[in-house]
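Structure file coords-v6.txt; described as compact mmCIF, C-alpha atoms and all ligand atoms.
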```txt
# COMPACT_ATOMS: atom_id res chain seq x y z
CA MET A 275 48.20 29.69 -39.95
CA LYS A 276 44.53 30.55 -40.04
CA VAL A 277 41.89 28.05 -41.15
CA THR A 278 40.87 30.40 -43.93
CA GLU A 279 44.48 30.55 -45.19
CA HIS A 280 44.63 26.76 -45.28
CA LEU A 281 41.39 26.72 -47.24
CA GLU A 282 42.65 29.36 -49.70
CA ARG A 283 45.95 27.55 -50.34
CA ARG A 284 44.53 24.05 -50.68
CA LYS A 285 45.14 22.04 -53.81
CA GLY A 286 42.23 19.65 -53.25
CA THR A 287 39.78 18.84 -50.49
CA LEU A 288 41.45 19.00 -47.09
CA PHE A 289 41.02 16.49 -44.30
CA SER A 290 40.47 17.74 -40.75
CA PHE A 291 39.05 16.24 -37.63
CA GLU A 292 37.68 17.08 -34.24
CA ILE A 293 38.67 15.50 -30.97
CA LEU A 294 37.27 15.58 -27.45
CA PRO A 295 39.45 16.19 -24.39
CA PRO A 296 39.75 12.89 -22.48
CA LEU A 297 37.76 12.29 -19.32
CA LYS A 298 39.32 14.00 -16.31
CA GLY A 299 42.16 11.93 -14.88
CA LYS A 300 43.48 10.61 -18.19
CA GLY A 301 46.80 11.76 -19.61
CA ILE A 302 47.69 13.49 -22.85
CA GLU A 303 48.81 10.12 -24.29
CA ALA A 304 45.12 9.22 -24.63
CA ILE A 305 44.81 12.17 -27.03
CA PHE A 306 47.98 11.40 -28.96
CA GLU A 307 46.88 7.77 -29.44
CA GLY A 308 43.75 9.05 -31.16
CA ILE A 309 45.60 11.58 -33.31
CA ASP A 310 48.66 9.52 -34.35
CA PRO A 311 46.80 7.22 -36.78
CA LEU A 312 45.24 10.24 -38.54
CA MET A 313 48.40 12.27 -39.13
CA GLU A 314 49.27 10.47 -42.38
CA PHE A 315 46.29 12.31 -43.96
CA GLU A 316 48.04 15.62 -43.25
CA PRO A 317 45.32 17.54 -41.46
CA PRO A 318 46.23 21.24 -41.60
CA PHE A 319 44.26 21.85 -38.41
CA ILE A 320 42.65 19.83 -35.63
CA ASN A 321 39.60 21.00 -33.68
CA VAL A 322 39.32 20.45 -29.94
CA THR A 323 35.86 20.63 -28.36
CA TYR A 324 35.02 22.53 -25.18
CA HIS A 325 32.90 20.95 -22.47
CA ARG A 326 31.27 23.09 -19.88
CA GLU A 327 30.62 22.17 -16.29
CA GLU A 328 27.73 20.02 -15.12
CA HIS A 329 26.02 20.36 -11.78
CA ALA A 330 25.51 17.45 -9.42
CA TYR A 331 24.57 16.97 -5.79
CA LYS A 332 27.06 15.31 -3.46
CA LYS A 333 25.81 13.67 -0.27
CA TYR A 334 27.86 14.29 2.87
CA PRO A 335 27.90 11.94 5.94
CA ASN A 336 25.48 14.23 7.82
CA ASP A 337 22.98 13.72 4.94
CA MET A 338 23.55 17.25 3.72
CA LEU A 339 23.44 17.66 -0.05
CA LYS A 340 25.87 20.08 -1.58
CA ARG A 341 25.66 21.29 -5.17
CA ILE A 342 28.97 20.75 -6.90
CA SER A 343 30.17 21.77 -10.29
CA ILE A 344 32.08 19.16 -12.32
CA ARG A 345 33.87 19.48 -15.63
CA LYS A 346 34.29 15.97 -16.95
CA ARG A 347 36.45 16.90 -19.92
CA PRO A 348 38.63 19.89 -19.05
CA GLY A 349 41.82 20.80 -20.89
CA THR A 350 40.82 22.21 -24.29
CA VAL A 351 43.45 24.95 -24.35
CA GLY A 352 46.24 22.75 -22.98
CA ILE A 353 45.46 20.06 -25.55
CA CYS A 354 45.58 22.64 -28.35
CA ALA A 355 49.02 23.78 -27.19
CA ALA A 356 50.20 20.14 -26.94
CA ILE A 357 48.94 19.41 -30.49
CA ILE A 358 50.73 22.42 -31.96
CA ASN A 359 53.90 21.50 -30.13
CA LYS A 360 53.91 17.79 -31.04
CA TYR A 361 52.47 17.71 -34.55
CA LYS A 362 53.30 21.21 -35.86
CA VAL A 363 49.76 21.63 -37.16
CA ASP A 364 47.24 24.28 -36.22
CA ALA A 365 44.72 23.69 -33.48
CA VAL A 366 41.22 25.13 -33.39
CA PRO A 367 39.88 25.38 -29.85
CA HIS A 368 36.12 25.60 -29.49
CA LEU A 369 35.02 28.47 -27.31
CA ILE A 370 31.49 28.61 -25.97
CA CYS A 371 29.28 31.26 -24.36
CA GLY A 372 27.87 28.95 -21.68
CA GLY A 373 29.62 29.15 -18.33
CA PHE A 374 31.64 32.23 -19.27
CA SER A 375 31.21 35.88 -18.36
CA ALA A 376 32.53 38.30 -20.97
CA GLU A 377 35.55 38.90 -18.70
CA GLU A 378 36.32 35.18 -18.52
CA THR A 379 35.96 34.95 -22.28
CA GLU A 380 38.42 37.79 -22.69
CA ASN A 381 40.91 36.07 -20.38
CA ALA A 382 40.56 32.81 -22.31
CA LEU A 383 41.21 34.66 -25.57
CA ILE A 384 44.26 36.38 -24.09
CA ASP A 385 45.61 32.95 -23.06
CA LEU A 386 45.09 31.64 -26.61
CA HIS A 387 46.75 34.72 -28.07
CA PHE A 388 49.80 34.28 -25.83
CA LEU A 389 50.02 30.64 -26.88
CA GLY A 390 50.09 31.67 -30.54
CA ILE A 391 46.69 30.09 -31.24
CA ASN A 392 44.87 32.27 -33.74
CA ASN A 393 41.89 30.10 -34.65
CA VAL A 394 38.67 29.78 -32.67
CA LEU A 395 35.35 28.09 -33.39
CA ALA A 396 32.84 30.37 -31.65
CA LEU A 397 29.75 28.61 -30.30
CA ARG A 398 26.93 29.24 -27.92
CA GLY A 399 26.94 25.78 -26.27
CA ASP A 400 23.90 23.76 -25.25
CA PRO A 401 21.79 24.25 -22.12
CA ILE A 402 23.17 22.33 -19.13
CA LYS A 403 21.16 19.24 -18.14
CA SER A 404 19.28 21.00 -15.33
CA GLU A 405 18.03 23.76 -17.68
CA THR A 406 15.53 23.43 -20.50
CA THR A 407 16.72 26.51 -22.35
CA PHE A 408 20.13 28.07 -22.66
CA VAL A 409 20.83 30.52 -19.84
CA PRO A 410 23.95 32.66 -20.17
CA ASP A 411 26.12 33.26 -17.14
CA GLU A 412 25.80 36.69 -15.56
CA GLY A 413 27.56 39.07 -17.91
CA GLY A 414 27.95 36.30 -20.46
CA HIS A 415 26.77 36.01 -24.05
CA LYS A 416 23.36 34.77 -25.10
CA PHE A 417 24.24 33.88 -28.69
CA ALA A 418 27.37 32.87 -30.59
CA GLU A 419 26.97 36.12 -32.54
CA ASP A 420 27.71 38.11 -29.36
CA LEU A 421 30.82 36.03 -28.70
CA ILE A 422 31.95 36.61 -32.29
CA ARG A 423 31.53 40.37 -31.79
CA GLN A 424 33.72 40.23 -28.68
CA ILE A 425 36.46 38.34 -30.54
CA VAL A 426 36.29 40.80 -33.44
CA GLY A 427 36.57 43.62 -30.90
CA LEU A 428 39.73 42.09 -29.45
CA ASN A 429 41.12 41.75 -32.97
CA LYS A 430 40.71 45.53 -33.15
CA GLY A 431 42.43 46.04 -29.77
CA ARG A 432 39.16 46.61 -27.90
CA TYR A 433 39.43 45.15 -24.41
CA LEU A 434 36.65 45.24 -21.83
CA HIS A 435 36.56 48.19 -19.45
CA GLU A 436 39.46 49.92 -21.18
CA GLU A 437 39.11 53.41 -22.56
CA SER A 438 41.92 53.23 -25.05
CA GLU A 439 41.76 51.10 -28.19
CA ASN A 440 45.50 51.43 -28.61
CA LYS A 441 46.24 47.96 -27.23
CA GLU A 442 47.73 44.71 -28.50
CA ARG A 443 45.45 43.40 -31.24
CA THR A 444 44.68 39.72 -31.40
CA ASP A 445 44.37 38.10 -34.82
CA PHE A 446 41.79 35.36 -34.47
CA CYS A 447 40.24 33.61 -37.43
CA ILE A 448 36.69 32.90 -36.31
CA GLY A 449 34.56 29.94 -37.36
CA ALA A 450 30.84 29.49 -36.67
CA ALA A 451 28.50 26.49 -36.60
CA GLY A 452 25.87 25.87 -39.28
CA TYR A 453 23.07 23.32 -39.37
CA PRO A 454 22.08 21.67 -42.68
CA GLU A 455 18.99 20.30 -40.92
CA LYS A 456 18.46 23.55 -38.93
CA HIS A 457 19.30 24.14 -35.28
CA TYR A 458 16.76 22.37 -33.06
CA GLU A 459 15.61 25.56 -31.31
CA SER A 460 14.92 27.48 -34.49
CA MET A 461 11.39 28.08 -35.72
CA ASN A 462 12.39 27.09 -39.21
CA MET A 463 15.27 27.00 -41.65
CA LYS A 464 14.62 30.56 -42.78
CA THR A 465 15.13 32.10 -39.34
CA ASP A 466 18.06 29.81 -38.58
CA LEU A 467 19.80 30.92 -41.76
CA ALA A 468 19.05 34.58 -41.02
CA PHE A 469 20.83 34.18 -37.66
CA LEU A 470 23.67 32.33 -39.35
CA LYS A 471 24.04 35.28 -41.70
CA GLN A 472 24.18 37.59 -38.68
CA LYS A 473 27.12 35.54 -37.34
CA ILE A 474 28.94 35.96 -40.63
CA ASP A 475 28.13 39.67 -40.79
CA ALA A 476 29.44 39.97 -37.22
CA GLY A 477 32.81 38.56 -38.33
CA ALA A 478 32.78 34.76 -38.65
CA GLU A 479 34.98 33.80 -41.60
CA TYR A 480 33.88 30.23 -42.27
CA ILE A 481 31.19 27.78 -41.27
CA THR A 482 31.64 24.23 -39.99
CA SER A 483 28.49 22.18 -40.28
CA GLN A 484 26.73 19.92 -37.88
CA MET A 485 26.98 16.26 -38.91
CA PHE A 486 24.53 15.07 -41.55
CA TYR A 487 23.94 11.79 -43.37
CA ASP A 488 22.17 13.03 -46.48
CA ASN A 489 24.43 15.03 -48.77
CA GLU A 490 21.40 16.52 -50.53
CA LYS A 491 20.60 18.35 -47.30
CA PHE A 492 24.10 19.80 -47.19
CA PHE A 493 23.96 20.85 -50.84
CA ALA A 494 20.54 22.49 -50.28
CA PHE A 495 21.87 24.25 -47.17
CA THR A 496 24.91 25.54 -49.06
CA LYS A 497 22.73 26.80 -51.88
CA LYS A 498 20.41 28.62 -49.47
CA CYS A 499 23.44 30.19 -47.78
CA ARG A 500 24.79 31.37 -51.14
CA ASP A 501 21.38 32.67 -52.25
CA MET A 502 21.16 34.86 -49.16
CA GLY A 503 24.65 36.26 -49.63
CA ILE A 504 26.72 34.06 -47.32
CA THR A 505 29.95 33.73 -49.28
CA VAL A 506 32.36 32.29 -46.68
CA PRO A 507 33.68 28.71 -47.01
CA ILE A 508 31.35 26.02 -45.68
CA ILE A 509 33.03 22.91 -44.28
CA PRO A 510 30.82 19.80 -44.10
CA GLY A 511 30.99 17.78 -40.87
CA LEU A 512 30.72 13.98 -41.02
CA LYS A 513 30.49 11.41 -38.27
CA PRO A 514 30.69 7.71 -39.10
CA ILE A 515 28.12 5.57 -37.29
CA THR A 516 30.11 2.82 -35.60
CA SER A 517 27.98 1.18 -32.92
CA LEU A 518 24.43 0.04 -32.15
CA LYS A 519 24.34 2.74 -29.47
CA HIS A 520 24.99 5.43 -32.09
CA ILE A 521 21.81 4.55 -33.96
CA ALA A 522 19.61 6.09 -31.25
CA PHE A 523 22.16 8.41 -29.68
CA LEU A 524 23.17 10.48 -32.72
CA PRO A 525 19.68 11.50 -33.94
CA LYS A 526 18.53 12.25 -30.37
CA THR A 527 21.61 14.21 -29.36
CA PHE A 528 22.32 16.10 -32.57
CA HIS A 529 18.77 16.48 -33.91
CA ILE A 530 19.54 14.90 -37.25
CA ASP A 531 17.71 12.45 -39.51
CA LEU A 532 19.10 9.35 -41.13
CA PRO A 533 18.04 8.80 -44.74
CA ASP A 534 15.88 5.74 -45.49
CA ALA A 535 18.58 3.81 -47.33
CA LEU A 536 20.90 4.15 -44.32
CA SER A 537 18.28 3.32 -41.69
CA ASP A 538 17.11 0.32 -43.79
CA ALA A 539 20.65 -1.05 -43.70
CA LEU A 540 21.17 -0.25 -40.01
CA VAL A 541 18.01 -1.95 -38.74
CA LYS A 542 19.33 -5.23 -40.12
CA CYS A 543 22.54 -4.97 -38.06
CA LYS A 544 22.83 -7.15 -34.97
CA THR A 545 26.35 -6.28 -33.81
CA ASP A 546 28.56 -3.22 -33.49
CA ALA A 547 30.82 -4.69 -36.17
CA GLU A 548 27.92 -4.86 -38.64
CA VAL A 549 26.90 -1.28 -37.81
CA ARG A 550 30.45 -0.13 -38.24
CA ALA A 551 30.72 -1.74 -41.67
CA VAL A 552 27.51 -0.04 -42.83
CA GLY A 553 28.41 3.31 -41.22
CA THR A 554 31.92 3.34 -42.66
CA GLU A 555 30.75 2.49 -46.16
CA TRP A 556 28.10 5.22 -45.96
CA CYS A 557 30.60 7.81 -44.77
CA ILE A 558 33.05 6.87 -47.55
CA ALA A 559 30.30 7.36 -50.15
CA GLN A 560 29.33 10.70 -48.58
CA SER A 561 32.96 11.83 -48.53
CA LYS A 562 33.54 10.91 -52.17
CA GLU A 563 30.45 12.77 -53.32
CA LEU A 564 31.33 15.85 -51.28
CA MET A 565 34.87 15.86 -52.68
CA LYS A 566 33.50 15.56 -56.18
CA ALA A 567 31.31 18.57 -55.46
CA GLY A 568 34.47 20.51 -54.55
CA VAL A 569 34.03 21.10 -50.82
CA PRO A 570 37.15 22.81 -49.40
CA CYS A 571 37.62 20.44 -46.48
CA ILE A 572 35.83 17.58 -44.74
CA HIS A 573 35.64 17.82 -40.97
CA TYR A 574 35.33 14.41 -39.30
CA TYR A 575 33.89 14.16 -35.83
CA THR A 576 35.93 11.44 -34.10
CA MET A 577 34.12 11.63 -30.74
CA GLY A 578 37.00 9.72 -29.21
CA ARG A 579 37.13 7.00 -31.90
CA SER A 580 39.64 7.62 -34.62
CA GLN A 581 39.86 4.13 -36.16
CA ALA A 582 36.70 4.45 -38.28
CA VAL A 583 37.75 7.92 -39.44
CA ARG A 584 41.12 6.45 -40.41
CA ASP A 585 39.45 3.72 -42.49
CA ILE A 586 37.37 6.36 -44.27
CA ALA A 587 40.29 8.71 -44.87
CA LYS A 588 42.33 5.79 -46.23
CA ALA A 589 39.60 5.07 -48.74
CA VAL A 590 39.17 8.64 -49.95
CA PHE A 591 42.28 10.78 -49.40
P1 LIG B 1 23.83 30.21 -31.99
O1 LIG B 1 24.37 30.56 -33.32
O2 LIG B 1 23.88 31.26 -30.93
O3 LIG B 1 22.33 29.73 -32.21
C1 LIG B 1 21.59 29.14 -31.15
C2 LIG B 1 20.10 29.25 -31.47
O4 LIG B 1 19.68 30.58 -31.33
C3 LIG B 1 19.73 28.84 -32.89
O5 LIG B 1 18.45 28.26 -32.87
C4 LIG B 1 19.72 30.16 -33.65
O6 LIG B 1 18.87 30.12 -34.79
C5 LIG B 1 19.20 31.11 -32.58
N1 LIG B 1 19.76 32.46 -32.69
C6 LIG B 1 21.01 32.78 -33.05
N2 LIG B 1 21.18 34.13 -32.99
C7 LIG B 1 20.00 34.63 -32.56
C8 LIG B 1 19.53 35.94 -32.27
N3 LIG B 1 20.34 37.00 -32.43
N4 LIG B 1 18.24 36.08 -31.83
C9 LIG B 1 17.44 35.01 -31.67
N5 LIG B 1 17.83 33.74 -31.93
C10 LIG B 1 19.09 33.55 -32.36
N6 LIG B 1 28.93 22.57 -28.08
C11 LIG B 1 29.77 22.59 -27.02
O7 LIG B 1 29.32 22.75 -25.88
N7 LIG B 1 31.12 22.44 -27.19
C12 LIG B 1 31.68 22.28 -28.42
O8 LIG B 1 32.91 22.14 -28.53
C13 LIG B 1 30.83 22.26 -29.56
N8 LIG B 1 31.33 22.12 -30.81
C14 LIG B 1 30.50 22.19 -31.90
C15 LIG B 1 31.05 22.15 -33.18
C16 LIG B 1 30.23 22.23 -34.31
C17 LIG B 1 30.84 22.19 -35.70
C18 LIG B 1 28.81 22.33 -34.15
C19 LIG B 1 27.91 22.38 -35.35
C20 LIG B 1 28.25 22.37 -32.87
C21 LIG B 1 29.08 22.32 -31.74
N9 LIG B 1 28.57 22.41 -30.42
C22 LIG B 1 29.42 22.41 -29.35
C23 LIG B 1 27.12 22.45 -30.21
C24 LIG B 1 26.57 23.89 -30.13
O9 LIG B 1 27.10 24.55 -29.02
C25 LIG B 1 25.05 23.76 -30.03
O10 LIG B 1 24.51 23.28 -31.23
C26 LIG B 1 24.32 25.00 -29.53
O11 LIG B 1 22.98 24.61 -29.20
C27 LIG B 1 24.20 26.12 -30.57
O12 LIG B 1 25.40 26.72 -30.80
P2 LIG B 1 25.56 27.85 -31.95
O13 LIG B 1 26.90 28.38 -31.82
O14 LIG B 1 25.10 27.32 -33.25
O15 LIG B 1 24.49 28.93 -31.37
```
Can you give me the file's structure in the form of structure tokens?
Amino acid sequence: MKVTEHLERRKGTLFSFEILPPLKGKGIEAIFEGIDPLMEFEPPFINVTYHREEHAYKKYPNDMLKRISIRKRPGTVGICAAIINKYKVDAVPHLICGGFSAEETENALIDLHFLGINNVLALRGDPIKSETTFVPDEGGHKFAEDLIRQIVGLNKGRYLHEESENKERTDFCIGAAGYPEKHYESMNMKTDLAFLKQKIDAGAEYITSQMFYDNEKFFAFTKKCRDMGITVPIIPGLKPITSLKHIAFLPKTFHIDLPDALSDALVKCKTDAEVRAVGTEWCIAQSKELMKAGVPCIHYYTMGRSQAVRDIAKAVF
């Protein structure tokens, strides 16, 4: 079933979560161990992130350096198929522009279609570490909006380099990313929202938000979206803070701010356990307020740690 159908049929706020493929060399059990404890909360769909390649230099015995391309977390599509097969829930693979030509994107979409996966979260992806700005692959897409247009085209039976439109139509439900604190490259919120609207106008059917720790920012973001005519469902994304490392890592990596009350509590923490207690309590309070406000679903970022998300879901669902 499509994400939008789940959202339409819901009786209350839904619970969903996002997982990362394991590091290369680990088995599917690593994924199942993270998902099993969360299944009692009946997620209608589970998102699986996509991780593009990184470049590194490998030194050979003759002192020659060779540039190699490594994907540390491959397997998004296979994991989605395994999730559908084992848990009988829908999987939402993330598909990015980075590292893909339009032809490779089309092939990936055909694979998903053959597997019966009809949900995709369409994203641009971040610049790779060796680049300061995002550079699309040759023949690839520069913005998520372009990727969305390609998926919509395939839904209409439009394949690349084919004259006829009379082809098998895919039926993807397309999600897009939204940023309650604006995307870090945008000049300001106004332009970021204008581009978000373009993604919706291009065919995205719902928005999943970047993580945030201040619900007021999410409510203001939603209101601005509605005021400018974005009517699709907006799913808030939450990530519990669970370790001392998170305190610096999350704001730096995701370009988000922690509200004063949360940072005041976190600076007093000396151990991961103390951080986890504060972070979990904060996320429970955020979840309860969002549910009260009637959000259709809460999307929890597990980032490989499902225990804290389980504690939160237990307290609120
Ligand atoms: P876009 O919508 O293309 O926007 C990128 C920037 O360009 C923004 O500043 C926007 O304002 C601007 N822009 C957009 N359209 C135009 C235009 N037409 N002209 C000029 N400027 C424009 N990354 C991964 O690599 N893998 C994942 O699995 C993944 N999952 C994610 C899940 C969620 C819910 C979220 C919120 C993010 C995720 N990301 C993931 C991160 C995402 O790829 C980055 O945030 C990336 O920098 C932007 O992606 P986007 O799809 O929002 O890009």
What do you get as a list in words if you pick all residues at most 6 Å from ligand LIG 1 (chain B), counting only C-alpha atoms and all ligand atoms? Thr323, Tyr324, His325, His368, Leu397, Arg398, Gly399, Asp400, Phe417, Ala418, Glu419, Ala451, Gly452, His457, Glu459, Ser460, Asp466, Phe469, Thr482, Ser483 and Gln484 of chain A
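You can rank A:Ile530, A:Thr406, A:Ser580, A:Met461 by their closest distance to Pro514 (chain A) using only C-alpha atoms, and at the top of that list sits A:Ser580.
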Between region 434-490 of chain A and region 561-578 of chain A, at 12 Å or less, what are the per-residue closest atom pairs and their distances in Å? Count all atoms listed in the file, order by chain and rising residue number, and return it as a Markdown table.
```
| residue | atom | partner | partner_atom | distance |
| --- | --- | --- | --- | --- |
| A:Tyr480 | CA | A:Pro570 | CA | 10.8 |
| A:Ile481 | CA | A:His573 | CA | 10.9 |
| A:Thr482 | CA | A:His573 | CA | 7.6 |
| A:Ser483 | CA | A:His573 | CA | 8.4 |
| A:Gln484 | CA | A:Tyr575 | CA | 9.4 |
| A:Met485 | CA | A:Tyr575 | CA | 7.9 |
| A:Phe486 | CA | A:Tyr575 | CA | 11.0 |
| A:Tyr487 | CA | A:Ser561 | CA | 10.4 |
| A:Asp488 | CA | A:Leu564 | CA | 10.7 |
| A:Asn489 | CA | A:Leu564 | CA | 7.4 |
| A:Glu490 | CA | A:Leu564 | CA | 10.0 |
```
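In terms of minimum interatomic distance to Met313 (chain A), A:Lys588 ranks closest within A:Val549, A:Tyr458, A:Lys588, A:Ala535, counting all atoms listed in the file.
Counting only C-alpha atoms and comparing A:Thr350, A:Thr496, A:Ser375, A:Asn440, the residue that lies closest to Lys416 (chain A) is A:Ser375.
Our summary of the geometry notes that CA of Asn392 (chain A) is positioned 19.6 Å from CA of Phe374 (chain A).
Taking CA of His329 (chain A) and CA of Lys513 (chain A) as the two end points, the separation is 28.3 Å.
Of the residues listed (A:Glu377, A:Phe492, A:Val426, A:Gly553), A:Phe492 shows the shortest atom-to-atom separation from Lys456 (chain A); distances use only C-alpha atoms.
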Can you report as lines of an AutoDock Vina configuration file the centre and edge lengths in Å, to one decimal, of an axis-aligned box around the listed atoms of region 558-572 of chain A padded with 6 Å on each side?
```
center_x = 33.5
center_y = 14.8
center_z = -50.5
size_x = 20.3
size_y = 27.9
size_z = 23.4
```
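Checking A:Ile309, A:Ala356, A:Ile391, A:Val409 one by one against Gly373 (chain A), counting all atoms listed in the file, you find the shortest gap at A:Val409.
With distances restricted to all atoms listed in the file, A:Gly449 is the closest residue to Leu369 (chain A) from A:Pro318, A:Gly449, A:Pro335, A:Gly427.
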